[in-house]
Amino acid sequence: MQKTIAILEGDGIGPEIMREAIKVLRAVETKYDHQFTLNHAPFGAGAYFAEGSPFPEQTKKVCDEADVIMKGPVGLAVEKMNDIPQEHRPEVGAILPLRKRYDTFANYRPVRLPKSLAGFSPLKEEMIGDGIDILMIRELVGGIYFGKKTEGTATALKYAEDECIYTEDQVRRVAVVAFEEARKGKTQMVNIHKANVLATSRFWNVIVEDVAKQYPDVPYQSVLVDNAAYQLVINPSMFNGVVLLENMMGDILTDQAGGVIGSLGLMPSACIGPEKGYVEPAHGSAPDIAGQNIANPYSMIGSVALMFDKCLDSPKEAQEIWDALFAVFEKGYTTSELSAGYAEDKVLSTSAFGDMVVEIIQG
Ligand code: IPM
Ligand code: MN
């Protein structure tokens with residue numbers, strides 16, 4: 001295939017993990033005889049300081065013209081972020097507008113830890129059981145993130161308000177994605193909610209249960225979000241399969257899931273809209289370790305795998321990347337944040353990790 005890919009490397013560790021992801025992309029391109037044109041464009045805090053906007057017009061054009069977008073993490077250390085006006089900060093000035101622009105409503109966040117790598121988890125080994133394999137699907141363009149924001153300062157009683165709205169269409173389309181994935185993987189579908197308190201959750205559940213009727217072959221259950229947070233630590237593998245979450249709950253529980261498997265560096269993601277998708281690691285830009293060649297590039301390389309699978313309809317290429325990523329660990333190597341108990345010569349730098357993934361792909 002021939003595709004144009006927009007490359008938004010972002011801030012902090014973004015450029016270094018993106019470099020490794022591109023190496024892997026190029027290796028797959030050669031092996032499978034594809035042609036990818038990569039167009040780089042500024043995005044994030046760096047783009048704001050260079051051009052006055054974290055999502056410049058030219059970058060929008062590059063993204064509009066691309067078939068798919070690879071985005072690195074964005075943001076700077078807190079002190080530096082304070083120099084950026086609220087509306088130009090990378091979260092509200094770049095990431096949310098990117099999601100909105102392409103209506104990327106389905107955010108795939110796989111959480112994988114095979115039994116053999118149970119040592120990466122801060123949990124006791126026996127709690128990992130036969131391994132963790134959860135596909136968290138987070139609704140990404142609705143709910144409290146995109147509701148009206150109000151701050152009242154005119155009266156003596158100051159207040160702030162975040163509106164949370166979900167429409168039927170918004171819930172239905174992401175529920176369909178979750179049930180389809182569960183059917184494909186022959187797994188259960190677990191719906192997370194807070195229906196004992198929130199009207200939006202009660203509404204969400206009614207729609208999800210209606211969609212469930214079309215999937216009688218998919219085992220289905222609902223779990224309250226607070227209980228889910230607890231169970232995710234006590235018995236993570238009970239969620240093996242697909243987990244569906246609204247935007248805010250999905251933000252929180254996917255970070256927690258990263259903690260359960262040992263590192264946010266193991267959390268790739270894909271954000272899919274009706275016409276276009278983009279991929280990004282689920283974590284931030286880790287400015288404290290930027291430029292040291294120690295960041296774990298797994299999340300960005302895994303995002304390339306997700307791009308092949310979810311955006312380019314190429315599951316074979318995706319599987320090749322997943323297999324290579326896990327093979328690095330199975331060979332006894334690791335990355336710096338997961339190095340407890342490992343000999344020094346088994347701890348790979350960012351670039352050495354990428355090189356090893358490429359070598360394995362090349363065979
Ligand atoms: C994520 C991030 C973003 C979110 C931030 C940076 C806006 O935490 O992708 O999980 O909250 O969605
Ligand atoms: Mn998050």
# chains A, B, ... in the order shown; residues from 1 in each chain; ligands from 1

$ residues_around --residues "Glu57 in chain A" --least-positions-apart "4" --cutoff "12 Å" --atoms "only C-alpha atoms" --output "PyMOL selection string"
chain A and resi 41-43+47-48+51-53+61-64+94+97-98

$ write_last_selection --atoms "C-alpha atoms" --output "PDB file, in the first residue's frame"
ATOM      1  CA  ALA A  41       4.845  18.887  11.593  1.00  0.00           C
ATOM      2  CA  PRO A  42       5.171  20.749  14.900  1.00  0.00           C
ATOM      3  CA  PHE A  43       2.608  20.001  17.638  1.00  0.00           C
ATOM      4  CA  ALA A  47       5.040  24.343  18.543  1.00  0.00           C
ATOM      5  CA  TYR A  48       3.536  27.016  20.796  1.00  0.00           C
ATOM      6  CA  GLU A  51       4.894  29.418  16.236  1.00  0.00           C
ATOM      7  CA  GLY A  52       2.488  30.812  18.828  1.00  0.00           C
ATOM      8  CA  SER A  53       0.118  27.847  18.597  1.00  0.00           C
ATOM      9  CA  LYS A  61      -3.130  20.954   6.856  1.00  0.00           C
ATOM     10  CA  VAL A  62      -0.484  18.226   7.088  1.00  0.00           C
ATOM     11  CA  CYS A  63      -2.875  16.141   9.222  1.00  0.00           C
ATOM     12  CA  ASP A  64      -5.850  16.778   6.914  1.00  0.00           C
ATOM     13  CA  ALA A  94      -3.720  20.718  20.774  1.00  0.00           C
ATOM     14  CA  PRO A  97      -8.785  19.914  19.175  1.00  0.00           C
ATOM     15  CA  LEU A  98      -7.010  17.065  17.335  1.00  0.00           C
TER      16      LEU A  98
END

$ residues_near_ligand --ligand "ligand 1" --cutoff "7 Å" --atoms "only C-alpha atoms and all ligand atoms" --output "count of residues only"
8

$ residues_around --residues "range 66-80 of chain A" --least-positions-apart "5" --cutoff "9 Å" --atoms "only C-alpha atoms" --output "count of residues only"
46

$ residues_around --residues "range 144-161 of chain A" --least-positions-apart "3" --cutoff "12 Å" --atoms "only C-alpha atoms" --output "PDB file with all heavy atoms, in the first residue's frame"
ATOM      1  N   GLU A  91      -2.736  20.375  26.161  1.00  0.00           N
ATOM      2  CA  GLU A  91      -3.917  19.513  26.378  1.00  0.00           C
ATOM      3  C   GLU A  91      -5.148  20.128  25.709  1.00  0.00           C
ATOM      4  O   GLU A  91      -5.772  19.509  24.851  1.00  0.00           O
ATOM      5  CB  GLU A  91      -4.190  19.323  27.880  1.00  0.00           C
ATOM      6  CG  GLU A  91      -3.094  18.588  28.633  1.00  0.00           C
ATOM      7  CD  GLU A  91      -2.004  19.525  29.140  1.00  0.00           C
ATOM      8  OE1 GLU A  91      -1.967  20.706  28.720  1.00  0.00           O
ATOM      9  OE2 GLU A  91      -1.176  19.075  29.956  1.00  0.00           O
ATOM     10  N   VAL A  92      -5.489  21.353  26.135  1.00  0.00           N
ATOM     11  CA  VAL A  92      -6.729  21.952  25.604  1.00  0.00           C
ATOM     12  C   VAL A  92      -6.508  22.650  24.268  1.00  0.00           C
ATOM     13  O   VAL A  92      -7.457  22.869  23.519  1.00  0.00           O
ATOM     14  CB  VAL A  92      -7.382  22.941  26.605  1.00  0.00           C
ATOM     15  CG1 VAL A  92      -7.834  22.208  27.846  1.00  0.00           C
ATOM     16  CG2 VAL A  92      -6.456  24.081  26.949  1.00  0.00           C
ATOM     17  N   ILE A  95      -4.290  18.621  21.913  1.00  0.00           N
ATOM     18  CA  ILE A  95      -4.800  17.232  21.923  1.00  0.00           C
ATOM     19  C   ILE A  95      -6.315  17.188  21.740  1.00  0.00           C
ATOM     20  O   ILE A  95      -6.830  16.475  20.877  1.00  0.00           O
ATOM     21  CB  ILE A  95      -4.429  16.509  23.237  1.00  0.00           C
ATOM     22  CG1 ILE A  95      -2.906  16.399  23.372  1.00  0.00           C
ATOM     23  CG2 ILE A  95      -5.041  15.110  23.262  1.00  0.00           C
ATOM     24  CD1 ILE A  95      -2.453  15.662  24.618  1.00  0.00           C
ATOM     25  N   LEU A  96      -7.039  17.967  22.556  1.00  0.00           N
ATOM     26  CA  LEU A  96      -8.506  17.908  22.435  1.00  0.00           C
ATOM     27  C   LEU A  96      -8.977  18.408  21.067  1.00  0.00           C
ATOM     28  O   LEU A  96      -9.854  17.780  20.457  1.00  0.00           O
ATOM     29  CB  LEU A  96      -9.189  18.650  23.598  1.00  0.00           C
ATOM     30  CG  LEU A  96      -8.885  18.104  25.010  1.00  0.00           C
ATOM     31  CD1 LEU A  96      -9.790  18.767  26.064  1.00  0.00           C
ATOM     32  CD2 LEU A  96      -9.030  16.594  25.105  1.00  0.00           C
ATOM     33  N   PRO A  97      -8.397  19.509  20.537  1.00  0.00           N
ATOM     34  CA  PRO A  97      -8.785  19.914  19.175  1.00  0.00           C
ATOM     35  C   PRO A  97      -8.459  18.856  18.110  1.00  0.00           C
ATOM     36  O   PRO A  97      -9.210  18.698  17.150  1.00  0.00           O
ATOM     37  CB  PRO A  97      -7.966  21.193  18.943  1.00  0.00           C
ATOM     38  CG  PRO A  97      -7.705  21.736  20.318  1.00  0.00           C
ATOM     39  CD  PRO A  97      -7.554  20.532  21.198  1.00  0.00           C
ATOM     40  N   ARG A  99      -8.477  15.594  18.599  1.00  0.00           N
ATOM     41  CA  ARG A  99      -9.507  14.553  18.747  1.00  0.00           C
ATOM     42  C   ARG A  99     -10.827  15.011  18.129  1.00  0.00           C
ATOM     43  O   ARG A  99     -11.528  14.261  17.462  1.00  0.00           O
ATOM     44  CB  ARG A  99      -9.692  14.203  20.235  1.00  0.00           C
ATOM     45  CG  ARG A  99      -8.482  13.468  20.795  1.00  0.00           C
ATOM     46  CD  ARG A  99      -8.535  13.234  22.302  1.00  0.00           C
ATOM     47  NE  ARG A  99      -7.304  12.572  22.748  1.00  0.00           N
ATOM     48  CZ  ARG A  99      -6.958  12.389  24.008  1.00  0.00           C
ATOM     49  NH1 ARG A  99      -7.750  12.818  24.990  1.00  0.00           N
ATOM     50  NH2 ARG A  99      -5.830  11.773  24.310  1.00  0.00           N
ATOM     51  N   LYS A 100     -11.146  16.278  18.386  1.00  0.00           N
ATOM     52  CA  LYS A 100     -12.413  16.816  17.880  1.00  0.00           C
ATOM     53  C   LYS A 100     -12.394  16.909  16.351  1.00  0.00           C
ATOM     54  O   LYS A 100     -13.376  16.593  15.680  1.00  0.00           O
ATOM     55  CB  LYS A 100     -12.612  18.213  18.489  1.00  0.00           C
ATOM     56  CG  LYS A 100     -13.928  18.811  18.134  1.00  0.00           C
ATOM     57  CD  LYS A 100     -14.523  19.588  19.292  1.00  0.00           C
ATOM     58  CE  LYS A 100     -16.010  19.583  19.093  1.00  0.00           C
ATOM     59  NZ  LYS A 100     -16.767  19.806  20.263  1.00  0.00           N
ATOM     60  N   ASP A 103     -12.905  13.612  15.067  1.00  0.00           N
ATOM     61  CA  ASP A 103     -13.998  12.904  15.750  1.00  0.00           C
ATOM     62  C   ASP A 103     -13.555  11.504  16.180  1.00  0.00           C
ATOM     63  O   ASP A 103     -14.277  10.514  15.994  1.00  0.00           O
ATOM     64  CB  ASP A 103     -15.211  12.846  14.792  1.00  0.00           C
ATOM     65  CG  ASP A 103     -16.494  12.455  15.522  1.00  0.00           C
ATOM     66  OD1 ASP A 103     -16.548  12.603  16.753  1.00  0.00           O
ATOM     67  OD2 ASP A 103     -17.431  11.980  14.840  1.00  0.00           O
ATOM     68  N   PHE A 105     -13.617   9.017  18.213  1.00  0.00           N
ATOM     69  CA  PHE A 105     -14.443   8.653  19.375  1.00  0.00           C
ATOM     70  C   PHE A 105     -14.014   7.361  20.072  1.00  0.00           C
ATOM     71  O   PHE A 105     -14.337   7.143  21.223  1.00  0.00           O
ATOM     72  CB  PHE A 105     -15.911   8.533  18.950  1.00  0.00           C
ATOM     73  CG  PHE A 105     -16.181   7.417  17.982  1.00  0.00           C
ATOM     74  CD1 PHE A 105     -16.606   6.182  18.439  1.00  0.00           C
ATOM     75  CD2 PHE A 105     -15.999   7.600  16.617  1.00  0.00           C
ATOM     76  CE1 PHE A 105     -16.868   5.137  17.552  1.00  0.00           C
ATOM     77  CE2 PHE A 105     -16.249   6.554  15.724  1.00  0.00           C
ATOM     78  CZ  PHE A 105     -16.684   5.328  16.188  1.00  0.00           C
ATOM     79  N   GLU A 139     -14.292   6.056  25.372  1.00  0.00           N
ATOM     80  CA  GLU A 139     -14.970   7.064  24.549  1.00  0.00           C
ATOM     81  C   GLU A 139     -14.113   8.326  24.642  1.00  0.00           C
ATOM     82  O   GLU A 139     -13.690   8.720  25.720  1.00  0.00           O
ATOM     83  CB  GLU A 139     -16.386   7.313  25.081  1.00  0.00           C
ATOM     84  CG  GLU A 139     -17.339   7.955  24.076  1.00  0.00           C
ATOM     85  CD  GLU A 139     -16.985   9.387  23.689  1.00  0.00           C
ATOM     86  OE1 GLU A 139     -16.516  10.131  24.573  1.00  0.00           O
ATOM     87  OE2 GLU A 139     -17.157   9.757  22.517  1.00  0.00           O
ATOM     88  N   LEU A 140     -13.822   8.962  23.499  1.00  0.00           N
ATOM     89  CA  LEU A 140     -12.770   9.990  23.537  1.00  0.00           C
ATOM     90  C   LEU A 140     -13.210  11.403  23.142  1.00  0.00           C
ATOM     91  O   LEU A 140     -12.426  12.338  23.248  1.00  0.00           O
ATOM     92  CB  LEU A 140     -11.599   9.536  22.640  1.00  0.00           C
ATOM     93  CG  LEU A 140     -10.246  10.174  22.889  1.00  0.00           C
ATOM     94  CD1 LEU A 140      -9.737   9.911  24.297  1.00  0.00           C
ATOM     95  CD2 LEU A 140      -9.215   9.715  21.877  1.00  0.00           C
ATOM     96  N   VAL A 141     -14.425  11.585  22.693  1.00  0.00           N
ATOM     97  CA  VAL A 141     -14.778  12.947  22.247  1.00  0.00           C
ATOM     98  C   VAL A 141     -16.072  13.467  22.892  1.00  0.00           C
ATOM     99  O   VAL A 141     -16.677  14.405  22.390  1.00  0.00           O
ATOM    100  CB  VAL A 141     -14.874  13.044  20.705  1.00  0.00           C
ATOM    101  CG1 VAL A 141     -13.520  12.836  20.072  1.00  0.00           C
ATOM    102  CG2 VAL A 141     -15.885  12.058  20.144  1.00  0.00           C
ATOM    103  N   CYS A 164     -21.366  17.741  31.813  1.00  0.00           N
ATOM    104  CA  CYS A 164     -21.113  16.390  31.273  1.00  0.00           C
ATOM    105  C   CYS A 164     -22.336  15.931  30.490  1.00  0.00           C
ATOM    106  O   CYS A 164     -23.403  15.728  31.062  1.00  0.00           O
ATOM    107  CB  CYS A 164     -20.833  15.416  32.414  1.00  0.00           C
ATOM    108  SG  CYS A 164     -20.419  13.759  31.830  1.00  0.00           S
ATOM    109  N   ILE A 165     -22.166  15.803  29.190  1.00  0.00           N
ATOM    110  CA  ILE A 165     -23.293  15.378  28.352  1.00  0.00           C
ATOM    111  C   ILE A 165     -22.877  14.164  27.527  1.00  0.00           C
ATOM    112  O   ILE A 165     -21.760  14.130  27.000  1.00  0.00           O
ATOM    113  CB  ILE A 165     -23.707  16.499  27.361  1.00  0.00           C
ATOM    114  CG1 ILE A 165     -24.164  17.745  28.127  1.00  0.00           C
ATOM    115  CG2 ILE A 165     -24.818  16.015  26.427  1.00  0.00           C
ATOM    116  CD1 ILE A 165     -24.638  18.884  27.228  1.00  0.00           C
ATOM    117  N   TYR A 166     -23.760  13.187  27.416  1.00  0.00           N
ATOM    118  CA  TYR A 166     -23.607  12.125  26.418  1.00  0.00           C
ATOM    119  C   TYR A 166     -24.888  12.011  25.609  1.00  0.00           C
ATOM    120  O   TYR A 166     -25.969  11.987  26.182  1.00  0.00           O
ATOM    121  CB  TYR A 166     -23.256  10.775  27.068  1.00  0.00           C
ATOM    122  CG  TYR A 166     -21.768  10.541  27.098  1.00  0.00           C
ATOM    123  CD1 TYR A 166     -21.060  10.571  28.291  1.00  0.00           C
ATOM    124  CD2 TYR A 166     -21.071  10.339  25.916  1.00  0.00           C
ATOM    125  CE1 TYR A 166     -19.683  10.392  28.299  1.00  0.00           C
ATOM    126  CE2 TYR A 166     -19.698  10.162  25.923  1.00  0.00           C
ATOM    127  CZ  TYR A 166     -19.009  10.191  27.102  1.00  0.00           C
ATOM    128  OH  TYR A 166     -17.651  10.027  27.114  1.00  0.00           O
ATOM    129  N   THR A 167     -24.758  11.972  24.294  1.00  0.00           N
ATOM    130  CA  THR A 167     -25.929  11.767  23.449  1.00  0.00           C
ATOM    131  C   THR A 167     -26.019  10.288  23.076  1.00  0.00           C
ATOM    132  O   THR A 167     -25.026   9.550  23.166  1.00  0.00           O
ATOM    133  CB  THR A 167     -25.832  12.598  22.153  1.00  0.00           C
ATOM    134  OG1 THR A 167     -24.716  12.122  21.399  1.00  0.00           O
ATOM    135  CG2 THR A 167     -25.659  14.080  22.450  1.00  0.00           C
ATOM    136  N   LEU A 198     -24.651   9.035  38.771  1.00  0.00           N
ATOM    137  CA  LEU A 198     -24.674   9.938  37.611  1.00  0.00           C
ATOM    138  C   LEU A 198     -25.782   9.619  36.607  1.00  0.00           C
ATOM    139  O   LEU A 198     -25.915   8.476  36.156  1.00  0.00           O
ATOM    140  CB  LEU A 198     -23.329   9.869  36.874  1.00  0.00           C
ATOM    141  CG  LEU A 198     -22.085  10.240  37.677  1.00  0.00           C
ATOM    142  CD1 LEU A 198     -20.832  10.092  36.800  1.00  0.00           C
ATOM    143  CD2 LEU A 198     -22.179  11.671  38.208  1.00  0.00           C
ATOM    144  N   THR A 200     -25.741  10.632  33.548  1.00  0.00           N
ATOM    145  CA  THR A 200     -25.086  10.263  32.283  1.00  0.00           C
ATOM    146  C   THR A 200     -24.747   8.774  32.272  1.00  0.00           C
ATOM    147  O   THR A 200     -24.796   8.136  31.231  1.00  0.00           O
ATOM    148  CB  THR A 200     -23.804  11.092  32.039  1.00  0.00           C
ATOM    149  OG1 THR A 200     -23.090  11.220  33.264  1.00  0.00           O
ATOM    150  CG2 THR A 200     -24.119  12.463  31.490  1.00  0.00           C
ATOM    151  N   SER A 201     -24.395   8.214  33.438  1.00  0.00           N
ATOM    152  CA  SER A 201     -24.072   6.786  33.497  1.00  0.00           C
ATOM    153  C   SER A 201     -25.332   5.932  33.354  1.00  0.00           C
ATOM    154  O   SER A 201     -25.304   4.887  32.703  1.00  0.00           O
ATOM    155  CB  SER A 201     -23.387   6.439  34.821  1.00  0.00           C
ATOM    156  OG  SER A 201     -21.984   6.461  34.700  1.00  0.00           O
ATOM    157  N   GLU A 246     -16.455   5.449  29.620  1.00  0.00           N
ATOM    158  CA  GLU A 246     -16.659   6.810  29.110  1.00  0.00           C
ATOM    159  C   GLU A 246     -15.336   7.574  29.275  1.00  0.00           C
ATOM    160  O   GLU A 246     -14.396   7.089  29.904  1.00  0.00           O
ATOM    161  CB  GLU A 246     -17.877   7.480  29.765  1.00  0.00           C
ATOM    162  CG  GLU A 246     -17.773   7.736  31.254  1.00  0.00           C
ATOM    163  CD  GLU A 246     -17.051   9.015  31.571  1.00  0.00           C
ATOM    164  OE1 GLU A 246     -17.457  10.080  31.067  1.00  0.00           O
ATOM    165  OE2 GLU A 246     -16.086   8.981  32.356  1.00  0.00           O
ATOM    166  N   ASN A 247     -15.300   8.784  28.748  1.00  0.00           N
ATOM    167  CA  ASN A 247     -14.045   9.527  28.587  1.00  0.00           C
ATOM    168  C   ASN A 247     -13.222   9.684  29.876  1.00  0.00           C
ATOM    169  O   ASN A 247     -12.066   9.263  29.950  1.00  0.00           O
ATOM    170  CB  ASN A 247     -14.392  10.896  27.981  1.00  0.00           C
ATOM    171  CG  ASN A 247     -13.224  11.520  27.232  1.00  0.00           C
ATOM    172  OD1 ASN A 247     -12.095  11.101  27.381  1.00  0.00           O
ATOM    173  ND2 ASN A 247     -13.515  12.523  26.417  1.00  0.00           N
ATOM    174  N   MET A 248     -13.816  10.279  30.893  1.00  0.00           N
ATOM    175  CA  MET A 248     -13.074  10.593  32.123  1.00  0.00           C
ATOM    176  C   MET A 248     -12.682   9.326  32.900  1.00  0.00           C
ATOM    177  O   MET A 248     -11.549   9.197  33.369  1.00  0.00           O
ATOM    178  CB  MET A 248     -13.975  11.475  32.994  1.00  0.00           C
ATOM    179  CG  MET A 248     -13.375  11.831  34.313  1.00  0.00           C
ATOM    180  SD  MET A 248     -12.397  13.312  34.159  1.00  0.00           S
ATOM    181  CE  MET A 248     -11.875  13.489  35.838  1.00  0.00           C
ATOM    182  N   MET A 249     -13.636   8.404  33.011  1.00  0.00           N
ATOM    183  CA  MET A 249     -13.313   7.153  33.717  1.00  0.00           C
ATOM    184  C   MET A 249     -12.229   6.397  32.950  1.00  0.00           C
ATOM    185  O   MET A 249     -11.348   5.774  33.551  1.00  0.00           O
ATOM    186  CB  MET A 249     -14.570   6.277  33.861  1.00  0.00           C
ATOM    187  CG  MET A 249     -15.650   6.904  34.721  1.00  0.00           C
ATOM    188  SD  MET A 249     -17.131   5.865  34.748  1.00  0.00           S
ATOM    189  CE  MET A 249     -18.366   7.074  35.264  1.00  0.00           C
ATOM    190  N   GLY A 250     -12.295   6.487  31.629  1.00  0.00           N
ATOM    191  CA  GLY A 250     -11.299   5.818  30.797  1.00  0.00           C
ATOM    192  C   GLY A 250      -9.925   6.439  30.968  1.00  0.00           C
ATOM    193  O   GLY A 250      -8.905   5.747  30.966  1.00  0.00           O
ATOM    194  N   ASP A 251      -9.887   7.736  31.119  1.00  0.00           N
ATOM    195  CA  ASP A 251      -8.606   8.406  31.342  1.00  0.00           C
ATOM    196  C   ASP A 251      -7.960   7.862  32.615  1.00  0.00           C
ATOM    197  O   ASP A 251      -6.784   7.501  32.630  1.00  0.00           O
ATOM    198  CB  ASP A 251      -8.824   9.920  31.458  1.00  0.00           C
ATOM    199  CG  ASP A 251      -7.516  10.655  31.680  1.00  0.00           C
ATOM    200  OD1 ASP A 251      -6.534  10.329  30.987  1.00  0.00           O
ATOM    201  OD2 ASP A 251      -7.468  11.556  32.550  1.00  0.00           O
TER     202      ASP A 251
END

$ residues_around --residues "range 317-328 of chain A" --least-positions-apart "3" --cutoff "8 Å" --atoms "only C-alpha atoms" --output "MDAnalysis selection string"
chainID A and resid 24 28 32 298 301:302 304:309 314 331:334 353 356:358 360:361

$ closest_residue --among "A:Gln362, A:Ser351, A:Gln170, A:Gln188" --to "Pro216 in chain A" --atoms "only C-alpha atoms"
A:Gln188

$ residues_around --residues "Gly259 in chain A" --least-positions-apart "6" --cutoff "10 Å" --atoms "only C-alpha atoms" --output "list in words"
Phe120, Ser121, Pro122, Leu123, Val233, Leu253, Gly265, Leu266 and Met267 of chain A

$ write_last_selection --atoms "all heavy atoms" --output "compact mmCIF listing (two decimals), in the first residue's frame"
# COMPACT_ATOMS: atom_id res chain seq x y z
N PHE A 120 7.19 -7.60 35.96
CA PHE A 120 7.10 -6.14 35.71
C PHE A 120 6.05 -5.47 36.59
O PHE A 120 6.12 -4.29 36.87
CB PHE A 120 6.70 -5.88 34.24
CG PHE A 120 7.81 -6.07 33.25
CD1 PHE A 120 7.53 -6.08 31.89
CD2 PHE A 120 9.13 -6.20 33.66
CE1 PHE A 120 8.54 -6.24 30.95
CE2 PHE A 120 10.15 -6.37 32.73
CZ PHE A 120 9.86 -6.39 31.38
N SER A 121 5.05 -6.26 37.01
CA SER A 121 3.95 -5.67 37.76
C SER A 121 4.34 -5.45 39.21
O SER A 121 5.04 -6.27 39.80
CB SER A 121 2.73 -6.60 37.70
OG SER A 121 1.72 -6.11 38.55
N PRO A 122 3.88 -4.36 39.82
CA PRO A 122 4.10 -4.18 41.25
C PRO A 122 3.25 -5.13 42.09
O PRO A 122 3.46 -5.25 43.29
CB PRO A 122 3.69 -2.72 41.50
CG PRO A 122 2.75 -2.39 40.39
CD PRO A 122 3.17 -3.21 39.21
N LEU A 123 2.31 -5.83 41.45
CA LEU A 123 1.47 -6.79 42.19
C LEU A 123 2.25 -8.09 42.41
O LEU A 123 3.18 -8.40 41.68
CB LEU A 123 0.19 -7.11 41.41
CG LEU A 123 -0.73 -5.95 41.06
CD1 LEU A 123 -1.97 -6.47 40.36
CD2 LEU A 123 -1.10 -5.15 42.30
N VAL A 233 -6.84 -3.94 40.69
CA VAL A 233 -5.62 -4.20 41.46
C VAL A 233 -5.67 -5.57 42.14
O VAL A 233 -4.66 -6.27 42.23
CB VAL A 233 -5.43 -3.09 42.53
CG1 VAL A 233 -4.28 -3.42 43.45
CG2 VAL A 233 -5.21 -1.75 41.85
N LEU A 253 -8.78 5.07 34.61
CA LEU A 253 -8.51 3.63 34.74
C LEU A 253 -7.44 3.13 33.78
O LEU A 253 -6.76 2.14 34.08
CB LEU A 253 -9.80 2.81 34.60
CG LEU A 253 -10.76 2.86 35.79
CD1 LEU A 253 -11.77 1.73 35.70
CD2 LEU A 253 -10.06 2.79 37.13
N GLY A 265 4.90 3.25 30.18
CA GLY A 265 5.69 3.03 28.96
C GLY A 265 5.23 1.81 28.18
O GLY A 265 5.67 1.59 27.05
N LEU A 266 4.35 1.01 28.79
CA LEU A 266 3.81 -0.17 28.10
C LEU A 266 2.39 0.08 27.59
O LEU A 266 1.65 -0.87 27.33
CB LEU A 266 3.80 -1.37 29.07
CG LEU A 266 5.17 -1.81 29.62
CD1 LEU A 266 5.00 -2.95 30.64
CD2 LEU A 266 6.10 -2.26 28.50
N MET A 267 2.00 1.36 27.49
CA MET A 267 0.63 1.69 27.12
C MET A 267 0.52 2.45 25.80
O MET A 267 0.49 3.69 25.78
CB MET A 267 -0.02 2.52 28.25
CG MET A 267 -0.28 1.72 29.52
SD MET A 267 -1.64 0.53 29.38
CE MET A 267 -3.04 1.63 29.20

$ closest_residue --among "A:Thr37, A:Asn296, A:Gln256, A:Thr350" --to "ligand 2" --atoms "only C-alpha atoms and all ligand atoms"
A:Gln256

$ select_by_dssp --residues "range 116-270 of chain A" --states "strand (DSSP E or B)" --output "PyMOL selection string"
chain A and resi 131-139+149-152+159-162+189-193+220-224+241-245+268-270

$ select_by_dssp --residues "range 129-225 of chain A" --states "helix (DSSP H, G or I)" --output "PyMOL selection string"
chain A and resi 143-145+168-185+199-212+225

$ residues_around --residues "Val242 in chain A" --least-positions-apart "5" --cutoff "7 Å" --atoms "only C-alpha atoms" --output "PyMOL selection string"
chain A and resi 134-136+178+182+187-190

$ write_last_selection --atoms "C-alpha atoms" --output "mmCIF file, in the first residue's frame"
data_model
loop_
_atom_site.group_PDB
_atom_site.id
_atom_site.type_symbol
_atom_site.label_atom_id
_atom_site.label_comp_id
_atom_site.auth_asym_id
_atom_site.auth_seq_id
_atom_site.Cartn_x
_atom_site.Cartn_y
_atom_site.Cartn_z
ATOM 1 C CA ILE A 134 -7.442 -6.337 28.409
ATOM 2 C CA LEU A 135 -8.509 -4.079 25.573
ATOM 3 C CA MET A 136 -9.748 -0.905 27.208
ATOM 4 C CA ALA A 178 -16.508 -2.524 21.973
ATOM 5 C CA ALA A 182 -15.264 -8.630 21.959
ATOM 6 C CA THR A 187 -14.105 -12.442 24.854
ATOM 7 C CA GLN A 188 -16.424 -10.854 27.368
ATOM 8 C CA MET A 189 -17.386 -7.155 27.305
ATOM 9 C CA VAL A 190 -17.285 -5.319 30.623
#

$ closest_residue --among "A:Pro56, A:Gly354, A:Pro268, A:Pro297" --to "ligand 2" --atoms "only C-alpha atoms and all ligand atoms"
A:Pro268

$ closest_residue --among "A:Ile289, A:Ile294, A:Ala257, A:Ile252" --to "ligand 2" --atoms "only C-alpha atoms and all ligand atoms"
A:Ile252

$ atom_distance --atom1 "CA of Leu264 in chain A" --atom2 "CA of Ile128 in chain A"
17.2 Å

$ closest_atom_pairs --of "range 93-200 of chain A" --to "range 269-275 of chain A" --cutoff "6 Å" --atoms "only C-alpha atoms" --output "Markdown table"
| residue | atom | partner | partner_atom | distance |
| --- | --- | --- | --- | --- |
| A:Tyr102 | CA | A:Gly273 | CA | 5.8 |
| A:Asp103 | CA | A:Gly273 | CA | 5.0 |
| A:Thr104 | CA | A:Gly273 | CA | 3.7 |
| A:Phe105 | CA | A:Gly273 | CA | 5.6 |
| A:Ala106 | CA | A:Ile272 | CA | 5.1 |
| A:Asn107 | CA | A:Cys271 | CA | 4.3 |
| A:Tyr108 | CA | A:Ala270 | CA | 5.1 |
| A:Arg109 | CA | A:Ser269 | CA | 4.8 |

$ closest_residue --among "A:Glu168, A:Asp130, A:Asp255, A:Glu181" --to "ligand 2" --atoms "only C-alpha atoms and all ligand atoms"
A:Asp255

$ closest_residue --among "A:Phe329, A:Phe203, A:Tyr215, A:Phe55" --to "Leu117 in chain A" --atoms "only C-alpha atoms"
A:Phe329
